[in-house]
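Here's final16.cif, which has mmCIF, C-alpha atoms and all ligand atoms:
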data_protein
loop_
_atom_site.label_atom_id
_atom_site.label_comp_id
_atom_site.auth_asym_id
_atom_site.auth_seq_id
_atom_site.Cartn_x
_atom_site.Cartn_y
_atom_site.Cartn_z
CA MET A 15 0.00 0.00 0.00
CA SER A 16 1.44 3.40 -0.92
CA GLY A 17 0.72 6.68 0.82
CA PRO A 18 1.24 7.66 4.45
CA LEU A 19 2.27 5.07 7.04
CA VAL A 20 -0.38 6.46 9.36
CA VAL A 21 -3.14 9.06 8.92
CA LEU A 22 -4.49 10.66 12.10
CA VAL A 23 -8.02 12.03 12.24
CA GLY A 24 -10.03 13.33 15.16
CA PRO A 25 -11.35 16.54 16.63
CA MET A 26 -9.37 19.70 17.18
CA GLY A 27 -7.20 19.68 20.26
CA VAL A 28 -7.05 15.91 20.54
CA GLY A 29 -3.31 15.98 19.96
CA LYS A 30 -2.96 14.90 16.33
CA SER A 31 0.09 17.11 15.77
CA THR A 32 1.83 16.22 19.03
CA VAL A 33 1.14 12.50 18.70
CA GLY A 34 1.86 12.58 14.98
CA ALA A 35 5.30 14.10 15.53
CA LEU A 36 6.09 11.50 18.20
CA LEU A 37 4.93 8.68 15.95
CA ALA A 38 7.05 9.97 13.10
CA GLU A 39 10.08 10.05 15.37
CA ARG A 40 9.49 6.49 16.53
CA LEU A 41 8.94 5.24 12.99
CA HIS A 42 11.96 7.21 11.70
CA THR A 43 9.88 9.03 9.18
CA SER A 44 8.56 12.55 8.69
CA PHE A 45 5.43 14.26 9.95
CA ARG A 46 3.06 16.34 7.87
CA ASP A 47 -0.05 18.23 8.84
CA SER A 48 -2.69 19.29 6.31
CA ASP A 49 -3.52 22.46 8.28
CA ALA A 50 0.14 23.49 8.24
CA ASP A 51 0.25 22.93 4.47
CA ILE A 52 -2.72 25.28 4.05
CA VAL A 53 -1.20 27.95 6.30
CA ALA A 54 2.10 27.76 4.42
CA ALA A 55 0.45 27.97 0.99
CA GLN A 56 -1.88 30.81 1.99
CA GLY A 57 0.56 32.79 4.11
CA ARG A 58 -2.13 33.33 6.76
CA GLU A 59 -3.58 31.50 9.74
CA ILE A 60 -6.60 29.24 9.46
CA SER A 61 -8.59 31.52 11.76
CA GLU A 62 -7.91 34.37 9.31
CA ILE A 63 -9.05 32.29 6.33
CA PHE A 64 -12.29 31.45 8.19
CA VAL A 65 -12.95 35.10 8.99
CA GLU A 66 -11.85 36.58 5.67
CA GLU A 67 -13.23 33.97 3.24
CA GLY A 68 -15.75 31.87 5.18
CA GLU A 69 -15.78 28.20 6.04
CA PRO A 70 -16.80 26.79 2.59
CA TYR A 71 -13.74 28.40 1.03
CA PHE A 72 -11.52 26.89 3.71
CA ARG A 73 -13.10 23.44 3.17
CA GLU A 74 -12.22 23.61 -0.52
CA LEU A 75 -8.60 24.43 0.29
CA GLU A 76 -8.63 21.61 2.82
CA ARG A 77 -10.02 19.07 0.38
CA ALA A 78 -7.25 19.84 -2.11
CA ALA A 79 -4.54 19.90 0.57
CA VAL A 80 -5.60 16.50 1.92
CA ARG A 81 -5.72 14.96 -1.54
CA THR A 82 -2.20 16.20 -2.29
CA ALA A 83 -0.78 15.11 1.05
CA LEU A 84 -2.30 11.61 0.77
CA ALA A 85 -0.72 11.24 -2.65
CA GLU A 86 2.69 12.67 -1.79
CA HIS A 87 3.47 11.83 1.80
CA ASP A 88 4.78 8.50 2.98
CA GLY A 89 5.27 9.32 6.68
CA VAL A 90 2.76 10.26 9.34
CA LEU A 91 -0.03 12.61 8.26
CA ALA A 92 -2.44 14.51 10.52
CA LEU A 93 -5.64 15.95 9.05
CA GLY A 94 -7.57 18.98 10.31
CA GLY A 95 -10.52 18.04 12.49
CA GLY A 96 -13.14 18.81 9.85
CA ALA A 97 -11.44 17.14 6.88
CA ILE A 98 -13.71 14.09 7.17
CA LEU A 99 -16.81 16.22 6.50
CA ASP A 100 -16.04 15.94 2.80
CA ALA A 101 -17.42 12.77 1.19
CA SER A 102 -14.68 12.55 -1.44
CA THR A 103 -12.04 12.80 1.29
CA ARG A 104 -13.74 10.00 3.20
CA ALA A 105 -13.75 7.88 0.06
CA LEU A 106 -10.01 8.44 -0.39
CA LEU A 107 -9.34 7.55 3.23
CA THR A 108 -10.76 4.05 2.81
CA GLU A 109 -7.46 3.20 1.08
CA HIS A 110 -5.32 4.31 4.03
CA ARG A 111 -4.29 3.32 7.56
CA VAL A 112 -6.41 5.81 9.43
CA VAL A 113 -6.53 6.13 13.21
CA TYR A 114 -9.19 8.16 14.99
CA LEU A 115 -7.85 9.86 18.11
CA ALA A 116 -10.84 10.32 20.39
CA MET A 117 -11.52 12.24 23.59
CA GLY A 118 -14.42 12.99 25.90
CA VAL A 119 -16.08 16.37 26.37
CA ASP A 120 -14.31 17.26 29.64
CA GLU A 121 -10.92 16.67 28.11
CA ALA A 122 -11.96 18.63 25.01
CA VAL A 123 -13.04 21.70 26.92
CA LYS A 124 -9.89 21.57 29.01
CA ARG A 125 -7.70 21.39 25.93
CA THR A 126 -9.47 23.73 23.51
CA GLY A 127 -11.97 25.86 25.45
CA LEU A 128 -9.80 28.91 25.80
CA ASN A 129 -8.01 28.67 22.51
CA VAL A 130 -8.95 31.62 20.30
CA ALA A 131 -7.10 30.06 17.37
CA ARG A 132 -9.87 27.45 17.17
CA PRO A 133 -12.73 29.39 15.57
CA LEU A 134 -15.29 26.61 15.83
CA LEU A 135 -15.20 26.53 19.62
CA ALA A 136 -14.92 30.23 20.34
CA VAL A 137 -18.31 30.62 22.06
CA ASN A 138 -19.77 28.17 24.60
CA PRO A 139 -17.16 25.48 23.97
CA ARG A 140 -18.99 22.69 25.82
CA ARG A 141 -22.20 22.98 23.81
CA GLN A 142 -20.36 23.53 20.56
CA TRP A 143 -18.22 20.52 21.23
CA ARG A 144 -21.26 18.29 21.76
CA GLU A 145 -22.91 19.52 18.56
CA LEU A 146 -19.72 19.14 16.59
CA MET A 147 -19.20 15.58 17.80
CA GLU A 148 -22.80 14.59 17.16
CA ALA A 149 -22.27 15.55 13.54
CA ARG A 150 -18.83 14.00 13.24
CA ARG A 151 -18.41 10.98 15.52
CA GLU A 152 -19.82 8.59 12.95
CA LEU A 153 -17.66 10.04 10.19
CA TYR A 154 -14.45 9.65 12.19
CA THR A 155 -15.42 6.09 13.04
CA GLU A 156 -16.37 5.28 9.46
CA VAL A 157 -12.95 6.18 8.02
CA ALA A 158 -10.85 4.69 10.83
CA ARG A 159 -9.27 1.25 11.07
CA ALA A 160 -8.68 1.86 14.77
CA VAL A 161 -9.99 4.21 17.45
CA VAL A 162 -7.56 5.27 20.17
CA SER A 163 -8.79 7.11 23.24
CA THR A 164 -6.55 9.92 24.45
CA ASP A 165 -8.32 10.64 27.77
CA ASP A 166 -5.92 10.43 30.71
CA ARG A 167 -3.07 9.37 28.48
CA THR A 168 0.17 11.18 27.77
CA PRO A 169 1.09 11.80 24.12
CA GLU A 170 3.72 9.04 24.43
CA GLU A 171 1.09 6.59 25.65
CA VAL A 172 -1.24 7.56 22.82
CA ALA A 173 1.56 7.11 20.26
CA GLN A 174 2.25 3.66 21.68
CA ALA A 175 -1.45 2.77 21.50
CA VAL A 176 -1.52 3.81 17.83
CA LEU A 177 1.50 1.63 17.04
CA ASP A 178 -0.13 -1.28 18.85
CA ALA A 179 -3.49 -0.75 17.15
CA LEU A 180 -1.93 -0.81 13.69
CA GLU A 181 0.63 -3.46 14.63
CA LEU A 182 3.36 -1.19 13.35
CA LYS A 183 6.89 -1.98 14.44
CA GLU A 184 9.36 0.76 15.17
CA ALA A 185 12.09 0.99 12.54
C1 LIG B 1 -11.28 22.41 12.28
C2 LIG B 1 -10.13 21.95 12.87
C3 LIG B 1 -8.85 22.67 12.79
C4 LIG B 1 -8.79 23.55 11.54
C5 LIG B 1 -9.99 24.43 11.47
C6 LIG B 1 -11.30 23.64 11.44
C7 LIG B 1 -12.54 21.64 12.42
O1 LIG B 1 -7.80 21.74 12.75
O2 LIG B 1 -8.68 22.77 10.38
O3 LIG B 1 -9.96 25.29 12.57
O4 LIG B 1 -13.48 21.86 11.64
O5 LIG B 1 -12.59 20.76 13.30
P1 LIG B 1 -7.22 20.93 14.02
O6 LIG B 1 -8.08 19.73 14.16
O7 LIG B 1 -5.84 20.58 13.60
O8 LIG B 1 -7.28 21.87 15.16
#
Target encoding structure tokens, full file:
Amino acid sequence: MSGPLVVLVGPMGVGKSTVGALLAERLHTSFRDSDADIVAAQGREISEIFVEEGEPYFRELERAAVRTALAEHDGVLALGGGAILDASTRALLTEHRVVYLAMGVDEAVKRTGLNVARPLLAVNPRRQWRELMEARRELYTEVARAVVSTDDRTPEEVAQAVLDALELKEA
């Protein structure tokens, strides 16, 4: 199978970038993040793109960025939390080793509630989180070969759980 060794999906703040970087280190490969690709190409933050262009515009950029990264990258790839909203992205992901990093609402609010860089949770984070997850939980689960809970786990423990779930050996 070509493409990334591991693709991480899951909601914002769950630790995809932190865990992804650790996984890449342990697998002696490189880490890539579709949000970072968009920021680099656009020369502005994602929160600015949301405000200046609106969410649909961002989702288009995201769809293209994910497609490119899946085709080009052979290391560990993290996708933005909303990437799985797009049906064509979900179809592409069926060909890949996707892991859903999950967390409960308490953990989510603790990790993202006060983060102004996360436009989708700016107001009433607890309620917004619940609504977001009601719309997305099934989609994350649908694309994933494995679900790894991050609650009460350190990033190192989560990385280990991902390796175990995919039966990947360290290089
Ligand atoms: C989003 C998640 C963010 C970013 C944007 C929208 C979402 O990525 O793409 O703010 O819809 O869940 P992270 O999951 O990397 O925070």
### Message
List as number ranges by chain the protein and nucleic acid residues near Asp178 in chain A, meaning an atom at most 12 Å away when all atoms listed in the file are counted, but skip any in the same chain fewer than 3 places from it.
### Response
A: 37, 113, 160-162, 171-175, 181-184
Please save C-alpha atoms of the selected residues as a PDB file, keeping the file's coordinate frame.
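Now in selection.pdb:
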ATOM      1  CA  LEU A  37       4.930   8.680  15.950  1.00  0.00           C
ATOM      2  CA  VAL A 113      -6.530   6.130  13.210  1.00  0.00           C
ATOM      3  CA  ALA A 160      -8.680   1.860  14.770  1.00  0.00           C
ATOM      4  CA  VAL A 161      -9.990   4.210  17.450  1.00  0.00           C
ATOM      5  CA  VAL A 162      -7.560   5.270  20.170  1.00  0.00           C
ATOM      6  CA  GLU A 171       1.090   6.590  25.650  1.00  0.00           C
ATOM      7  CA  VAL A 172      -1.240   7.560  22.820  1.00  0.00           C
ATOM      8  CA  ALA A 173       1.560   7.110  20.260  1.00  0.00           C
ATOM      9  CA  GLN A 174       2.250   3.660  21.680  1.00  0.00           C
ATOM     10  CA  ALA A 175      -1.450   2.770  21.500  1.00  0.00           C
ATOM     11  CA  GLU A 181       0.630  -3.460  14.630  1.00  0.00           C
ATOM     12  CA  LEU A 182       3.360  -1.190  13.350  1.00  0.00           C
ATOM     13  CA  LYS A 183       6.890  -1.980  14.440  1.00  0.00           C
ATOM     14  CA  GLU A 184       9.360   0.760  15.170  1.00  0.00           C
TER      15      GLU A 184
END
Give me the chain A side of the contact with ligand LIG 1 (chain B), cut-off 10 Å, one line per residue showing its nearest atom pair and distance in Å at one decimal, counting all atoms listed in the file, sorted by chain and residue number, as a tab-separated table.
residue	atom	partner	partner_atom	distance
A:Leu22	CA	B:LIG1	O6	10.0
A:Val23	CA	B:LIG1	O6	7.9
A:Gly24	CA	B:LIG1	O6	6.8
A:Pro25	CA	B:LIG1	O6	5.2
A:Met26	CA	B:LIG1	O6	3.3
A:Gly27	CA	B:LIG1	O8	5.6
A:Val28	CA	B:LIG1	O6	7.5
A:Gly29	CA	B:LIG1	O7	8.2
A:Lys30	CA	B:LIG1	O7	6.9
A:Ser31	CA	B:LIG1	O7	7.2
A:Asp47	CA	B:LIG1	O7	7.9
A:Ser48	CA	B:LIG1	O2	8.0
A:Asp49	CA	B:LIG1	O2	5.6
A:Ala50	CA	B:LIG1	O7	8.5
A:Ile52	CA	B:LIG1	O2	9.0
A:Val53	CA	B:LIG1	O2	10.0
A:Glu59	CA	B:LIG1	O3	9.3
A:Ile60	CA	B:LIG1	O3	6.0
A:Ser61	CA	B:LIG1	O3	6.4
A:Glu62	CA	B:LIG1	O3	9.9
A:Ile63	CA	B:LIG1	O3	9.4
A:Phe64	CA	B:LIG1	O3	7.9
A:Glu69	CA	B:LIG1	C6	8.4
A:Phe72	CA	B:LIG1	C5	8.3
A:Arg73	CA	B:LIG1	C6	8.5
A:Glu76	CA	B:LIG1	O2	7.6
A:Ala92	CA	B:LIG1	O7	7.6
A:Leu93	CA	B:LIG1	O7	6.5
A:Gly94	CA	B:LIG1	O1	3.7
A:Gly95	CA	B:LIG1	O6	3.4
A:Gly96	CA	B:LIG1	O4	3.6
A:Ala97	CA	B:LIG1	O4	7.0
A:Ile98	CA	B:LIG1	O4	9.0
A:Leu99	CA	B:LIG1	O4	8.3
A:Thr126	CA	B:LIG1	O8	8.8
A:Ala131	CA	B:LIG1	O3	7.3
A:Arg132	CA	B:LIG1	O3	5.1
A:Pro133	CA	B:LIG1	O3	5.8
A:Leu134	CA	B:LIG1	O3	6.4
A:Leu135	CA	B:LIG1	O3	8.9
A:Trp143	CA	B:LIG1	O5	9.7
A:Leu146	CA	B:LIG1	O5	8.0
A:Met147	CA	B:LIG1	O5	9.5
A:Arg150	CA	B:LIG1	O5	9.2
### Distance query Ala158 in chain A at most 9 Å, only C-alpha atoms, self and fewer than 4 positions along chain excluded, as a PyMOL selection string
chain A and resi 22-23+107-108+110-114+153-154
### Nearest candidate to Asp100 in chain A (options A:Pro18, A:Pro139, A:Pro70, A:Gly57; using all atoms listed in the file)
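Among the listed residues, A:Pro70 lies closest to Asp100 in chain A.
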### Message
From the options A:Ala35, A:Ala179, A:Ala149, A:Ala122, which residue's atoms come nearest to Val90 in chain A, counting all atoms listed in the file?
### Response
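Closest to Val90 in chain A, using all atoms listed in the file: A:Ala35.
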### Residue nearest Arg151 in chain A - candidates A:Ala116, A:Val176, A:Leu91, A:Ala55, atoms counted: only C-alpha atoms
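When distances to Arg151 in chain A are compared using only C-alpha atoms, the smallest one comes from A:Ala116.
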### Query
A:Arg81, A:Arg40, A:Arg140, A:Arg58: which is nearest Arg104 in chain A, counting all atoms listed in the file?
A:Arg81
### Task
Tell me, in Å to one decimal, how far CA of Arg125 in chain A is from CA of Arg141 in chain A.
14.7 Å
### Task
In Å, rounded to a single decimal, give me how far CA of Ala85 in chain A is from CA of Val21 in chain A.
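Value for the CA of Val21 in chain A-CA of Ala85 in chain A distance: 12.0 Å.
CA of Asp88 in chain A sits 5.9 Å away from CA of Leu19 in chain A.
Taking all atoms listed in the file into account, Gln142 in chain A lies nearest to A:Val123 out of the set A:Val123, A:His42, A:Leu177, A:Ser16.
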### Message
Which residue is closest to Phe45 in chain A? Choose from A:Val137, A:Leu75, A:Ala101, A:Ala83 and count only C-alpha atoms.
### Response
A:Ala83
Requested file, range 72-122 of chain A restricted to N, CA and C atoms, as an mmCIF file, in the first residue's frame:
data_model
loop_
_atom_site.group_PDB
_atom_site.id
_atom_site.type_symbol
_atom_site.label_atom_id
_atom_site.label_comp_id
_atom_site.auth_asym_id
_atom_site.auth_seq_id
_atom_site.Cartn_x
_atom_site.Cartn_y
_atom_site.Cartn_z
ATOM 1 N N PHE A 72 -12.549 27.659 3.010
ATOM 2 C CA PHE A 72 -11.521 26.888 3.713
ATOM 3 C C PHE A 72 -11.664 25.402 3.408
ATOM 4 N N ARG A 73 -12.895 24.889 3.398
ATOM 5 C CA ARG A 73 -13.101 23.442 3.171
ATOM 6 C C ARG A 73 -12.606 23.015 1.791
ATOM 7 N N GLU A 74 -12.747 23.912 0.821
ATOM 8 C CA GLU A 74 -12.220 23.609 -0.522
ATOM 9 C C GLU A 74 -10.693 23.500 -0.495
ATOM 10 N N LEU A 75 -10.070 24.473 0.166
ATOM 11 C CA LEU A 75 -8.603 24.426 0.293
ATOM 12 C C LEU A 75 -8.190 23.142 0.989
ATOM 13 N N GLU A 76 -8.959 22.785 2.018
ATOM 14 C CA GLU A 76 -8.632 21.605 2.818
ATOM 15 C C GLU A 76 -8.754 20.327 1.975
ATOM 16 N N ARG A 77 -9.811 20.268 1.200
ATOM 17 C CA ARG A 77 -10.023 19.073 0.380
ATOM 18 C C ARG A 77 -8.821 18.849 -0.547
ATOM 19 N N ALA A 78 -8.385 19.946 -1.187
ATOM 20 C CA ALA A 78 -7.248 19.840 -2.112
ATOM 21 C C ALA A 78 -5.960 19.501 -1.359
ATOM 22 N N ALA A 79 -5.769 20.131 -0.202
ATOM 23 C CA ALA A 79 -4.540 19.899 0.574
ATOM 24 C C ALA A 79 -4.463 18.450 1.035
ATOM 25 N N VAL A 80 -5.589 17.889 1.446
ATOM 26 C CA VAL A 80 -5.605 16.504 1.921
ATOM 27 C C VAL A 80 -5.322 15.554 0.756
ATOM 28 N N ARG A 81 -5.944 15.810 -0.365
ATOM 29 C CA ARG A 81 -5.721 14.958 -1.539
ATOM 30 C C ARG A 81 -4.235 14.925 -1.905
ATOM 31 N N THR A 82 -3.623 16.117 -1.944
ATOM 32 C CA THR A 82 -2.200 16.203 -2.294
ATOM 33 C C THR A 82 -1.339 15.474 -1.268
ATOM 34 N N ALA A 83 -1.609 15.716 0.005
ATOM 35 C CA ALA A 83 -0.778 15.109 1.054
ATOM 36 C C ALA A 83 -0.911 13.582 1.042
ATOM 37 N N LEU A 84 -2.113 13.074 0.809
ATOM 38 C CA LEU A 84 -2.296 11.612 0.766
ATOM 39 C C LEU A 84 -1.509 11.011 -0.402
ATOM 40 N N ALA A 85 -1.434 11.751 -1.478
ATOM 41 C CA ALA A 85 -0.721 11.241 -2.654
ATOM 42 C C ALA A 85 0.788 11.355 -2.498
ATOM 43 N N GLU A 86 1.249 12.391 -1.813
ATOM 44 C CA GLU A 86 2.691 12.674 -1.787
ATOM 45 C C GLU A 86 3.430 12.121 -0.584
ATOM 46 N N HIS A 87 2.747 12.043 0.538
ATOM 47 C CA HIS A 87 3.472 11.829 1.797
ATOM 48 C C HIS A 87 3.522 10.359 2.168
ATOM 49 N N ASP A 88 4.701 9.908 2.593
ATOM 50 C CA ASP A 88 4.783 8.496 2.983
ATOM 51 C C ASP A 88 5.099 8.322 4.472
ATOM 52 N N GLY A 89 5.019 9.404 5.234
ATOM 53 C CA GLY A 89 5.273 9.317 6.676
ATOM 54 C C GLY A 89 3.977 9.324 7.466
ATOM 55 N N VAL A 90 3.963 10.131 8.506
ATOM 56 C CA VAL A 90 2.757 10.260 9.336
ATOM 57 C C VAL A 90 2.043 11.551 8.925
ATOM 58 N N LEU A 91 0.747 11.450 8.717
ATOM 59 C CA LEU A 91 -0.032 12.607 8.263
ATOM 60 C C LEU A 91 -1.185 12.871 9.225
ATOM 61 N N ALA A 92 -1.291 14.106 9.698
ATOM 62 C CA ALA A 92 -2.445 14.509 10.520
ATOM 63 C C ALA A 92 -3.364 15.384 9.674
ATOM 64 N N LEU A 93 -4.661 15.131 9.786
ATOM 65 C CA LEU A 93 -5.638 15.947 9.055
ATOM 66 C C LEU A 93 -6.354 16.894 10.011
ATOM 67 N N GLY A 94 -6.764 18.054 9.511
ATOM 68 C CA GLY A 94 -7.571 18.976 10.307
ATOM 69 C C GLY A 94 -8.863 18.277 10.749
ATOM 70 N N GLY A 95 -9.390 18.717 11.877
ATOM 71 C CA GLY A 95 -10.524 18.042 12.493
ATOM 72 C C GLY A 95 -11.760 17.908 11.613
ATOM 73 N N GLY A 96 -11.936 18.831 10.671
ATOM 74 C CA GLY A 96 -13.141 18.807 9.845
ATOM 75 C C GLY A 96 -12.937 18.174 8.477
ATOM 76 N N ALA A 97 -11.751 17.665 8.223
ATOM 77 C CA ALA A 97 -11.443 17.141 6.883
ATOM 78 C C ALA A 97 -12.398 16.018 6.476
ATOM 79 N N ILE A 98 -12.855 15.248 7.465
ATOM 80 C CA ILE A 98 -13.708 14.088 7.175
ATOM 81 C C ILE A 98 -15.147 14.481 6.825
ATOM 82 N N LEU A 99 -15.469 15.780 6.886
ATOM 83 C CA LEU A 99 -16.813 16.224 6.499
ATOM 84 C C LEU A 99 -17.033 16.054 5.002
ATOM 85 N N ASP A 100 -15.948 16.026 4.250
ATOM 86 C CA ASP A 100 -16.044 15.941 2.803
ATOM 87 C C ASP A 100 -16.134 14.472 2.341
ATOM 88 N N ALA A 101 -17.182 14.172 1.579
ATOM 89 C CA ALA A 101 -17.418 12.769 1.189
ATOM 90 C C ALA A 101 -16.302 12.228 0.305
ATOM 91 N N SER A 102 -15.737 13.068 -0.563
ATOM 92 C CA SER A 102 -14.678 12.553 -1.438
ATOM 93 C C SER A 102 -13.406 12.281 -0.638
ATOM 94 N N THR A 103 -13.177 13.070 0.394
ATOM 95 C CA THR A 103 -12.039 12.800 1.289
ATOM 96 C C THR A 103 -12.264 11.478 2.021
ATOM 97 N N ARG A 104 -13.461 11.267 2.499
ATOM 98 C CA ARG A 104 -13.740 9.998 3.204
ATOM 99 C C ARG A 104 -13.533 8.809 2.266
ATOM 100 N N ALA A 105 -13.934 8.978 1.023
ATOM 101 C CA ALA A 105 -13.752 7.881 0.060
ATOM 102 C C ALA A 105 -12.261 7.590 -0.128
ATOM 103 N N LEU A 106 -11.458 8.639 -0.237
ATOM 104 C CA LEU A 106 -10.007 8.438 -0.390
ATOM 105 C C LEU A 106 -9.416 7.739 0.827
ATOM 106 N N LEU A 107 -9.920 8.077 1.990
ATOM 107 C CA LEU A 107 -9.339 7.547 3.234
ATOM 108 C C LEU A 107 -9.569 6.047 3.394
ATOM 109 N N THR A 108 -10.527 5.497 2.678
ATOM 110 C CA THR A 108 -10.756 4.046 2.808
ATOM 111 C C THR A 108 -9.525 3.258 2.359
ATOM 112 N N GLU A 109 -8.660 3.876 1.576
ATOM 113 C CA GLU A 109 -7.455 3.199 1.078
ATOM 114 C C GLU A 109 -6.287 3.310 2.044
ATOM 115 N N HIS A 110 -6.469 3.988 3.172
ATOM 116 C CA HIS A 110 -5.319 4.312 4.029
ATOM 117 C C HIS A 110 -5.468 3.772 5.451
ATOM 118 N N ARG A 111 -4.311 3.748 6.153
ATOM 119 C CA ARG A 111 -4.292 3.318 7.558
ATOM 120 C C ARG A 111 -4.651 4.512 8.436
ATOM 121 N N VAL A 112 -5.918 4.642 8.718
ATOM 122 C CA VAL A 112 -6.414 5.815 9.432
ATOM 123 C C VAL A 112 -6.696 5.455 10.895
ATOM 124 N N VAL A 113 -6.224 6.309 11.784
ATOM 125 C CA VAL A 113 -6.526 6.128 13.209
ATOM 126 C C VAL A 113 -7.284 7.357 13.704
ATOM 127 N N TYR A 114 -8.377 7.096 14.390
ATOM 128 C CA TYR A 114 -9.194 8.163 14.993
ATOM 129 C C TYR A 114 -8.739 8.348 16.433
ATOM 130 N N LEU A 115 -8.197 9.518 16.726
ATOM 131 C CA LEU A 115 -7.850 9.864 18.105
ATOM 132 C C LEU A 115 -9.083 10.506 18.738
ATOM 133 N N ALA A 116 -9.572 9.885 19.799
ATOM 134 C CA ALA A 116 -10.842 10.316 20.393
ATOM 135 C C ALA A 116 -10.610 10.914 21.780
ATOM 136 N N MET A 117 -11.541 11.744 22.199
ATOM 137 C CA MET A 117 -11.518 12.239 23.594
ATOM 138 C C MET A 117 -12.930 12.605 24.029
ATOM 139 N N GLY A 118 -13.127 12.626 25.336
ATOM 140 C CA GLY A 118 -14.420 12.992 25.896
ATOM 141 C C GLY A 118 -14.567 14.494 26.032
ATOM 142 N N VAL A 119 -15.781 14.935 26.356
ATOM 143 C CA VAL A 119 -16.076 16.375 26.369
ATOM 144 C C VAL A 119 -15.263 17.132 27.432
ATOM 145 N N ASP A 120 -15.055 16.543 28.596
ATOM 146 C CA ASP A 120 -14.306 17.257 29.639
ATOM 147 C C ASP A 120 -12.886 17.551 29.184
ATOM 148 N N GLU A 121 -12.287 16.528 28.619
ATOM 149 C CA GLU A 121 -10.922 16.670 28.110
ATOM 150 C C GLU A 121 -10.890 17.732 26.993
ATOM 151 N N ALA A 122 -11.913 17.705 26.146
ATOM 152 C CA ALA A 122 -11.957 18.629 25.009
ATOM 153 C C ALA A 122 -12.027 20.081 25.470
#
